[in-house]
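J.: Hey, dropping final-v6.pdb in here, PDB, C-alpha atoms:
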ATOM      1  CA  MET U   1      38.848 179.799 190.175  1.00  0.00           C
ATOM      2  CA  PRO U   2      42.601 179.812 189.468  1.00  0.00           C
ATOM      3  CA  ASP U   3      44.132 182.012 186.812  1.00  0.00           C
ATOM      4  CA  GLU U   4      44.752 179.926 183.685  1.00  0.00           C
ATOM      5  CA  LYS U   5      48.296 181.314 183.485  1.00  0.00           C
ATOM      6  CA  TYR U   6      49.446 178.994 186.277  1.00  0.00           C
ATOM      7  CA  PHE U   7      48.675 175.413 187.343  1.00  0.00           C
ATOM      8  CA  LEU U   8      46.853 174.738 190.608  1.00  0.00           C
ATOM      9  CA  HIS U   9      46.156 171.167 191.701  1.00  0.00           C
ATOM     10  CA  GLN U  10      42.522 170.673 192.653  1.00  0.00           C
ATOM     11  CA  THR U  11      43.438 169.823 196.275  1.00  0.00           C
ATOM     12  CA  SER U  12      45.349 173.080 196.811  1.00  0.00           C
ATOM     13  CA  ILE U  13      44.052 176.459 197.944  1.00  0.00           C
ATOM     14  CA  VAL U  14      45.100 179.919 196.815  1.00  0.00           C
ATOM     15  CA  ASP U  15      43.384 182.582 198.894  1.00  0.00           C
ATOM     16  CA  GLU U  16      41.899 185.586 197.166  1.00  0.00           C
ATOM     17  CA  GLY U  17      44.476 188.360 197.048  1.00  0.00           C
ATOM     18  CA  ALA U  18      47.488 186.081 196.508  1.00  0.00           C
ATOM     19  CA  GLN U  19      49.522 186.787 193.371  1.00  0.00           C
ATOM     20  CA  ILE U  20      50.827 183.853 191.341  1.00  0.00           C
ATOM     21  CA  GLY U  21      53.152 184.313 188.358  1.00  0.00           C
ATOM     22  CA  GLU U  22      52.686 182.868 184.908  1.00  0.00           C
ATOM     23  CA  GLY U  23      53.902 179.301 184.411  1.00  0.00           C
ATOM     24  CA  THR U  24      54.022 178.493 188.141  1.00  0.00           C
ATOM     25  CA  LYS U  25      52.855 175.047 189.273  1.00  0.00           C
ATOM     26  CA  ILE U  26      51.294 174.436 192.688  1.00  0.00           C
ATOM     27  CA  TRP U  27      50.883 170.752 193.520  1.00  0.00           C
ATOM     28  CA  HIS U  28      48.782 168.691 195.986  1.00  0.00           C
ATOM     29  CA  PHE U  29      47.487 169.970 199.352  1.00  0.00           C
ATOM     30  CA  SER U  30      49.323 173.305 199.291  1.00  0.00           C
ATOM     31  CA  HIS U  31      47.991 176.554 200.750  1.00  0.00           C
ATOM     32  CA  ILE U  32      48.944 180.023 199.535  1.00  0.00           C
ATOM     33  CA  MET U  33      47.544 182.729 201.777  1.00  0.00           C
ATOM     34  CA  LYS U  34      46.182 186.155 200.942  1.00  0.00           C
ATOM     35  CA  ASP U  35      48.866 188.749 200.114  1.00  0.00           C
ATOM     36  CA  ALA U  36      51.530 186.152 199.283  1.00  0.00           C
ATOM     37  CA  ARG U  37      53.416 186.845 196.044  1.00  0.00           C
ATOM     38  CA  ILE U  38      54.898 184.026 193.980  1.00  0.00           C
ATOM     39  CA  GLY U  39      56.858 184.758 190.821  1.00  0.00           C
ATOM     40  CA  LYS U  40      56.866 183.202 187.382  1.00  0.00           C
ATOM     41  CA  LYS U  41      57.839 179.609 186.560  1.00  0.00           C
ATOM     42  CA  CYS U  42      58.048 178.448 190.166  1.00  0.00           C
ATOM     43  CA  VAL U  43      57.281 174.900 191.310  1.00  0.00           C
ATOM     44  CA  LEU U  44      55.669 174.335 194.703  1.00  0.00           C
ATOM     45  CA  GLY U  45      55.505 170.670 195.693  1.00  0.00           C
ATOM     46  CA  GLN U  46      52.996 168.816 197.795  1.00  0.00           C
ATOM     47  CA  ASN U  47      51.892 170.272 201.163  1.00  0.00           C
ATOM     48  CA  VAL U  48      53.643 173.641 200.835  1.00  0.00           C
ATOM     49  CA  PHE U  49      52.444 176.517 203.019  1.00  0.00           C
ATOM     50  CA  VAL U  50      53.142 180.137 202.028  1.00  0.00           C
ATOM     51  CA  ALA U  51      51.970 182.780 204.506  1.00  0.00           C
ATOM     52  CA  GLY U  52      50.553 186.153 203.596  1.00  0.00           C
ATOM     53  CA  GLY U  53      53.255 188.749 203.059  1.00  0.00           C
ATOM     54  CA  VAL U  54      55.820 186.229 201.793  1.00  0.00           C
ATOM     55  CA  LYS U  55      57.499 187.162 198.502  1.00  0.00           C
ATOM     56  CA  ILE U  56      58.931 184.427 196.286  1.00  0.00           C
ATOM     57  CA  GLY U  57      60.856 185.394 193.157  1.00  0.00           C
ATOM     58  CA  ASP U  58      60.847 183.844 189.699  1.00  0.00           C
ATOM     59  CA  GLY U  59      62.109 180.318 189.024  1.00  0.00           C
ATOM     60  CA  CYS U  60      62.057 179.094 192.637  1.00  0.00           C
ATOM     61  CA  LYS U  61      61.623 175.417 193.473  1.00  0.00           C
ATOM     62  CA  ILE U  62      59.910 174.717 196.778  1.00  0.00           C
ATOM     63  CA  GLN U  63      59.905 170.994 197.540  1.00  0.00           C
ATOM     64  CA  ASN U  64      57.304 168.974 199.501  1.00  0.00           C
ATOM     65  CA  SER U  65      56.223 169.992 203.022  1.00  0.00           C
ATOM     66  CA  VAL U  66      58.009 173.355 203.134  1.00  0.00           C
ATOM     67  CA  SER U  67      56.560 176.114 205.339  1.00  0.00           C
ATOM     68  CA  ILE U  68      57.439 179.743 204.617  1.00  0.00           C
ATOM     69  CA  TYR U  69      56.181 182.248 207.173  1.00  0.00           C
ATOM     70  CA  SER U  70      56.044 186.001 206.656  1.00  0.00           C
ATOM     71  CA  PRO U  71      57.825 188.263 206.252  1.00  0.00           C
ATOM     72  CA  ALA U  72      60.289 186.009 204.378  1.00  0.00           C
ATOM     73  CA  ILE U  73      61.579 187.041 200.961  1.00  0.00           C
ATOM     74  CA  LEU U  74      63.074 184.547 198.523  1.00  0.00           C
ATOM     75  CA  GLU U  75      64.807 186.108 195.539  1.00  0.00           C
ATOM     76  CA  ASP U  76      64.871 184.446 192.095  1.00  0.00           C
ATOM     77  CA  ASP U  77      65.993 180.831 191.570  1.00  0.00           C
ATOM     78  CA  VAL U  78      66.006 179.768 195.233  1.00  0.00           C
ATOM     79  CA  PHE U  79      65.774 176.024 195.946  1.00  0.00           C
ATOM     80  CA  CYS U  80      64.089 174.875 199.177  1.00  0.00           C
ATOM     81  CA  GLY U  81      64.562 171.180 199.948  1.00  0.00           C
ATOM     82  CA  PRO U  82      61.833 168.971 201.402  1.00  0.00           C
ATOM     83  CA  SER U  83      60.521 169.887 204.851  1.00  0.00           C
ATOM     84  CA  CYS U  84      62.663 172.974 205.384  1.00  0.00           C
ATOM     85  CA  VAL U  85      60.987 175.700 207.411  1.00  0.00           C
ATOM     86  CA  PHE U  86      61.254 179.450 207.904  1.00  0.00           C
ATOM     87  CA  THR U  87      60.322 180.847 211.315  1.00  0.00           C
ATOM     88  CA  ASN U  88      59.112 184.407 211.950  1.00  0.00           C
ATOM     89  CA  VAL U  89      59.259 184.918 215.740  1.00  0.00           C
ATOM     90  CA  TYR U  90      62.502 184.420 217.655  1.00  0.00           C
ATOM     91  CA  ASN U  91      60.995 183.426 221.025  1.00  0.00           C
ATOM     92  CA  PRO U  92      57.426 182.184 220.434  1.00  0.00           C
ATOM     93  CA  ARG U  93      54.975 181.352 223.203  1.00  0.00           C
ATOM     94  CA  ALA U  94      51.453 180.046 222.601  1.00  0.00           C
ATOM     95  CA  PHE U  95      50.055 182.354 225.290  1.00  0.00           C
ATOM     96  CA  ILE U  96      51.802 185.586 224.161  1.00  0.00           C
ATOM     97  CA  GLU U  97      50.869 187.405 220.940  1.00  0.00           C
ATOM     98  CA  ARG U  98      54.062 188.484 219.147  1.00  0.00           C
ATOM     99  CA  LYS U  99      52.927 189.379 215.624  1.00  0.00           C
ATOM    100  CA  ASP U 100      54.479 192.823 216.066  1.00  0.00           C
ATOM    101  CA  GLU U 101      57.858 191.111 216.633  1.00  0.00           C
ATOM    102  CA  PHE U 102      58.095 189.276 213.295  1.00  0.00           C
ATOM    103  CA  ARG U 103      61.662 189.382 211.925  1.00  0.00           C
ATOM    104  CA  ASN U 104      62.530 189.648 208.249  1.00  0.00           C
ATOM    105  CA  THR U 105      64.357 186.821 206.511  1.00  0.00           C
ATOM    106  CA  LEU U 106      65.990 187.267 203.104  1.00  0.00           C
ATOM    107  CA  VAL U 107      67.250 184.448 200.882  1.00  0.00           C
ATOM    108  CA  GLY U 108      69.469 185.678 198.060  1.00  0.00           C
ATOM    109  CA  LYS U 109      69.263 184.760 194.402  1.00  0.00           C
ATOM    110  CA  GLY U 110      70.190 181.187 193.530  1.00  0.00           C
ATOM    111  CA  ALA U 111      70.650 179.990 197.122  1.00  0.00           C
ATOM    112  CA  THR U 112      69.965 176.359 198.077  1.00  0.00           C
ATOM    113  CA  ILE U 113      68.409 175.314 201.370  1.00  0.00           C
ATOM    114  CA  GLY U 114      68.756 171.603 202.112  1.00  0.00           C
ATOM    115  CA  ALA U 115      66.080 169.190 203.292  1.00  0.00           C
ATOM    116  CA  ASN U 116      64.874 169.644 206.881  1.00  0.00           C
ATOM    117  CA  ALA U 117      66.880 172.840 207.384  1.00  0.00           C
ATOM    118  CA  THR U 118      65.442 175.445 209.745  1.00  0.00           C
ATOM    119  CA  ILE U 119      65.953 179.120 209.004  1.00  0.00           C
ATOM    120  CA  ILE U 120      65.590 181.164 212.190  1.00  0.00           C
ATOM    121  CA  CYS U 121      63.966 184.515 211.494  1.00  0.00           C
ATOM    122  CA  GLY U 122      65.987 187.680 211.061  1.00  0.00           C
ATOM    123  CA  VAL U 123      68.840 186.292 208.961  1.00  0.00           C
ATOM    124  CA  THR U 124      70.080 187.002 205.463  1.00  0.00           C
ATOM    125  CA  ILE U 125      71.259 184.094 203.350  1.00  0.00           C
ATOM    126  CA  GLY U 126      73.569 185.338 200.618  1.00  0.00           C
ATOM    127  CA  LYS U 127      73.197 184.695 196.925  1.00  0.00           C
ATOM    128  CA  TYR U 128      74.221 181.220 195.734  1.00  0.00           C
ATOM    129  CA  ALA U 129      74.848 180.128 199.339  1.00  0.00           C
ATOM    130  CA  PHE U 130      74.362 176.456 200.141  1.00  0.00           C
ATOM    131  CA  ILE U 131      72.639 175.414 203.384  1.00  0.00           C
ATOM    132  CA  GLY U 132      73.228 171.745 204.242  1.00  0.00           C
ATOM    133  CA  ALA U 133      70.420 169.320 205.016  1.00  0.00           C
ATOM    134  CA  GLY U 134      69.222 169.542 208.619  1.00  0.00           C
ATOM    135  CA  ALA U 135      71.147 172.744 209.366  1.00  0.00           C
ATOM    136  CA  VAL U 136      69.776 175.317 211.799  1.00  0.00           C
ATOM    137  CA  VAL U 137      70.684 178.767 210.482  1.00  0.00           C
ATOM    138  CA  ARG U 138      70.804 181.382 213.271  1.00  0.00           C
ATOM    139  CA  LYS U 139      73.103 184.002 211.730  1.00  0.00           C
ATOM    140  CA  ASN U 140      73.729 185.598 208.359  1.00  0.00           C
ATOM    141  CA  VAL U 141      75.343 183.505 205.624  1.00  0.00           C
ATOM    142  CA  GLU U 142      77.783 185.044 203.112  1.00  0.00           C
ATOM    143  CA  ASP U 143      77.288 184.872 199.344  1.00  0.00           C
ATOM    144  CA  TYR U 144      78.548 181.499 197.991  1.00  0.00           C
ATOM    145  CA  ALA U 145      79.146 180.114 201.517  1.00  0.00           C
ATOM    146  CA  VAL U 146      78.473 176.496 202.478  1.00  0.00           C
ATOM    147  CA  VAL U 147      77.058 176.050 205.988  1.00  0.00           C
ATOM    148  CA  VAL U 148      76.124 172.858 207.835  1.00  0.00           C
ATOM    149  CA  GLY U 149      75.235 171.674 211.330  1.00  0.00           C
ATOM    150  CA  VAL U 150      73.349 172.714 214.431  1.00  0.00           C
ATOM    151  CA  PRO U 151      73.914 175.570 214.778  1.00  0.00           C
ATOM    152  CA  ALA U 152      75.040 176.055 211.180  1.00  0.00           C
ATOM    153  CA  GLU U 153      78.696 176.965 210.663  1.00  0.00           C
ATOM    154  CA  GLN U 154      80.530 177.731 207.456  1.00  0.00           C
ATOM    155  CA  ILE U 155      82.694 174.898 206.106  1.00  0.00           C
ATOM    156  CA  GLY U 156      83.600 176.228 202.672  1.00  0.00           C
ATOM    157  CA  TRP U 157      82.606 177.953 199.466  1.00  0.00           C
ATOM    158  CA  VAL U 158      80.527 176.931 196.484  1.00  0.00           C
ATOM    159  CA  CYS U 159      80.380 177.978 192.842  1.00  0.00           C
ATOM    160  CA  LYS U 160      77.251 179.453 191.299  1.00  0.00           C
ATOM    161  CA  CYS U 161      76.742 176.026 189.670  1.00  0.00           C
ATOM    162  CA  GLY U 162      76.643 174.328 193.104  1.00  0.00           C
ATOM    163  CA  VAL U 163      80.038 172.596 193.039  1.00  0.00           C
ATOM    164  CA  SER U 164      82.377 173.067 196.022  1.00  0.00           C
ATOM    165  CA  LEU U 165      85.406 175.304 195.523  1.00  0.00           C
ATOM    166  CA  LYS U 166      88.225 173.405 197.195  1.00  0.00           C
ATOM    167  CA  HIS U 167      91.466 174.745 195.783  1.00  0.00           C
ATOM    168  CA  PHE U 168      92.429 178.402 196.228  1.00  0.00           C
ATOM    169  CA  ASP U 169      95.795 179.709 195.061  1.00  0.00           C
ATOM    170  CA  ARG U 170      98.069 181.892 197.234  1.00  0.00           C
ATOM    171  CA  SER U 171      96.281 185.067 196.196  1.00  0.00           C
ATOM    172  CA  GLY U 172      92.915 183.572 197.179  1.00  0.00           C
ATOM    173  CA  ASP U 173      91.626 182.855 193.684  1.00  0.00           C
ATOM    174  CA  ALA U 174      89.795 179.674 192.698  1.00  0.00           C
ATOM    175  CA  ARG U 175      88.419 178.152 189.511  1.00  0.00           C
ATOM    176  CA  CYS U 176      85.427 175.808 189.476  1.00  0.00           C
ATOM    177  CA  LYS U 177      86.443 172.415 188.089  1.00  0.00           C
ATOM    178  CA  SER U 178      82.932 171.871 186.762  1.00  0.00           C
ATOM    179  CA  CYS U 179      81.929 175.055 184.928  1.00  0.00           C
ATOM    180  CA  GLY U 180      85.174 177.070 184.859  1.00  0.00           C
ATOM    181  CA  CYS U 181      83.876 180.130 186.721  1.00  0.00           C
ATOM    182  CA  GLU U 182      86.612 181.979 188.612  1.00  0.00           C
ATOM    183  CA  TYR U 183      86.395 183.606 192.029  1.00  0.00           C
ATOM    184  CA  ALA U 184      88.439 185.786 194.361  1.00  0.00           C
ATOM    185  CA  LEU U 185      88.399 185.284 198.135  1.00  0.00           C
ATOM    186  CA  ARG U 186      89.292 188.495 199.978  1.00  0.00           C
ATOM    187  CA  ASP U 187      88.507 189.354 203.612  1.00  0.00           C
ATOM    188  CA  ASN U 188      86.211 186.298 203.911  1.00  0.00           C
ATOM    189  CA  LYS U 189      84.080 187.406 200.953  1.00  0.00           C
ATOM    190  CA  LEU U 190      83.919 185.427 197.724  1.00  0.00           C
ATOM    191  CA  THR U 191      83.263 187.342 194.536  1.00  0.00           C
ATOM    192  CA  PRO U 192      83.178 186.197 190.919  1.00  0.00           C
ATOM    193  CA  LEU U 193      86.011 187.363 188.668  1.00  0.00           C
ATOM    194  CA  LYS U 194      84.693 188.923 185.485  1.00  0.00           C
ATOM    195  CA  LYS U 195      86.256 187.921 182.219  1.00  0.00           C
TER
END
Written as C-alpha cells, how would this file's structure read?
T.:
Amino acid sequence: MPDEKYFLHQTSIVDEGAQIGEGTKIWHFSHIMKDARIGKKCVLGQNVFVAGGVKIGDGCKIQNSVSIYSPAILEDDVFCGPSCVFTNVYNPRAFIERKDEFRNTLVGKGATIGANATIICGVTIGKYAFIGAGAVVRKNVEDYAVVVGVPAEQIGWVCKCGVSLKHFDRSGDARCKSCGCEYALRDNKLTPLKK
C-alpha cells in the first residue's frame, strides 16, 4: 500500500524499501525498485524505471519511458526528457557478470537532459547544463554548458533559466536577455556574477 503522502498510479509498482518523498507523483506502468530514493515533489511519467540505489533529488521531472540505472544520482530540479536513459556498465556483455564494475553518474542541480539522450556511465553533468535531444554523453559536462550530438560536444552556454547565452563582452561576461542574470566566462568555466 503506497504512502498517502505521494501519488502512485494503480498500474505502477514501488518495491518495499524504496523511499518516496512527499508530494511526488508516479504515473502509469512505472517501477521503482527497492533501495531507490526519490525526493519531494517529483513527477515520474508513464513507464519510468528507477533501479535500486538510484538517488533522485527534490523537484525532479522524469518524463515518459526514462530508465535510470544505479548508481546514478540526480540532484534537485533535474529534468529528464522522454526516453532518455542512464547506463551503468561501460562495456556490457550478456554472458559476463559486471555488477562490480558499475560506474557512478552524477547529474547536477537544475540540469536538463533532452529526449532520447543517452548518458554513458561514469560522467558528471554539471549544474544547469543542457543536454540536447538524442545526444550521447560520454564525458563530463561543465556547469551551464550546452552539449549536442553523437558523441556530445559543447556548442555553447546556457543561463540558469534555460536561455542560451550568445553575447559575451571582451572580458568574458554575459547577461541573459530573458531573466537578466549575469555570468563570467573564465578558463572555460561559466560562473554566475553575484549582485
J.: Which polymer residues, whether protein, DNA or RNA, lie within 7 Å of the coordinate (63.2, 185.1, 196.6) when you count all atoms listed in the file? List them as a list of chain:residue names, using the chain letters and numbers from the file.
T.: U:Lys55, U:Ile56, U:Gly57, U:Ile73, U:Leu74, U:Glu75, U:Asp76, U:Val78, U:Val107, U:Gly108, U:Lys109
J.: Contacts of Thr87 in chain U at 9 Å or less, counting only C-alpha atoms, minus same-chain residues fewer than 6 places along, as a list in words?
T.: Ser67, Ile68, Tyr69, Ser70, Ala72, Phe102, Arg103, Thr105, Thr118, Ile119, Ile120, Cys121 and Gly122 of chain U
J.: Would you mind reading off the distance between CA of Ile131 in chain U and CA of Asn64 in chain U, one decimal, in Å?
T.: 17.1 Å
J.: For Gly17 in chain U, which residue out of U:Glu182, U:Gly81, U:Ala51, U:Ser164 is the nearest one, using only C-alpha atoms?
T.: U:Ala51
J.: Tell me, as a VMD selection string, which residues lie within 10 Å of Lys25 in chain U, counting only C-alpha atoms; anything in the same chain fewer than 6 positions away does not count.
T.: chain U and resid 5 to 9 40 to 45 61
J.: Hey, can you spit out that residue selection with C-alpha atoms as a compact mmCIF listing (two decimals), in the coordinates of the input?
T.:
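Output below, filename result-v7.txt:
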# COMPACT_ATOMS: atom_id res chain seq x y z
CA LYS U 5 48.30 181.31 183.48
CA TYR U 6 49.45 178.99 186.28
CA PHE U 7 48.68 175.41 187.34
CA LEU U 8 46.85 174.74 190.61
CA HIS U 9 46.16 171.17 191.70
CA LYS U 40 56.87 183.20 187.38
CA LYS U 41 57.84 179.61 186.56
CA CYS U 42 58.05 178.45 190.17
CA VAL U 43 57.28 174.90 191.31
CA LEU U 44 55.67 174.34 194.70
CA GLY U 45 55.50 170.67 195.69
CA LYS U 61 61.62 175.42 193.47
J.: Selected by the PyMOL selection byres ((chain U and resi 147) around 9) in the shown coordinates: which residues, as a VMD selection string?
T.: chain U and resid 129 to 132 135 137 141 145 to 146 148 to 149 152 to 157
J.: On this structure, the PyMOL selection byres ((chain U and resi 46) around 7) would catch which residues? List them as a list in words, sorted by chain and number.
T.: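 Written out, the selection comes to Trp27, His28, Phe29, Ser30, Leu44, Gly45, Asn47, Val48, Asn64 and Ser65 of chain U.
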J.: Which residue is closest to Val66 in chain U? Choose from U:Cys179, U:Val123, U:Cys80, U:Val54 and count only C-alpha atoms.
T.: U:Cys80
J.: Compute the distance from (79.6, 185.2, 194.1) to each atom, counting all atoms listed in the file, keep the residues with any atom at most 8 Å away, and return them as number ranges by chain; use the coordinates of the file.
T.: U: 127-128, 143-144, 159-160, 183, 190-192
J.: How many Å separate CA of Asp77 in chain U from CA of Glu101 in chain U?
T.: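 These two atoms are separated by 28.3 Å.
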J.: Any idea what the distance is between CA of Ala111 in chain U and CA of Phe79 in chain U?
T.: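 It comes out at 6.4 Å.
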J.: Produce the centre coordinates and the three edge lengths, each in Å to one decimal, of the box along x, y and z that contains all listed atoms of range 49-65 of chain U with 5 Å added on each side, as lines of an AutoDock Vina configuration file.
T.:
center_x = 56.3
center_y = 178.9
center_z = 196.8
size_x = 21.6
size_y = 29.8
size_z = 25.5
J.: Counting all atoms listed in the file, what is within 9 Å of Val14 in chain U, bar same-chain residues fewer than 2 positions away, as a PyMOL selection string?
T.: chain U and resi 2+8+12+16-20+30-34
J.: Can you spit out the residues from that selection as a JSON list (two decimals), in the coordinates of the input, using C-alpha atoms?
T.:
[["chain", "number", "residue", "atom", "x", "y", "z"],
["U", 2, "PRO", "CA", 42.60, 179.81, 189.47],
["U", 8, "LEU", "CA", 46.85, 174.74, 190.61],
["U", 12, "SER", "CA", 45.35, 173.08, 196.81],
["U", 16, "GLU", "CA", 41.90, 185.59, 197.17],
["U", 17, "GLY", "CA", 44.48, 188.36, 197.05],
["U", 18, "ALA", "CA", 47.49, 186.08, 196.51],
["U", 19, "GLN", "CA", 49.52, 186.79, 193.37],
["U", 20, "ILE", "CA", 50.83, 183.85, 191.34],
["U", 30, "SER", "CA", 49.32, 173.30, 199.29],
["U", 31, "HIS", "CA", 47.99, 176.55, 200.75],
["U", 32, "ILE", "CA", 48.94, 180.02, 199.54],
["U", 33, "MET", "CA", 47.54, 182.73, 201.78],
["U", 34, "LYS", "CA", 46.18, 186.16, 200.94]]
J.: Pick the closest to Val136 in chain U from U:Val163, U:Val85, U:Ile96, U:Ala184: which is it, counting all atoms listed in the file?
T.: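 Among the listed residues, U:Val85 lies closest to Val136 in chain U.
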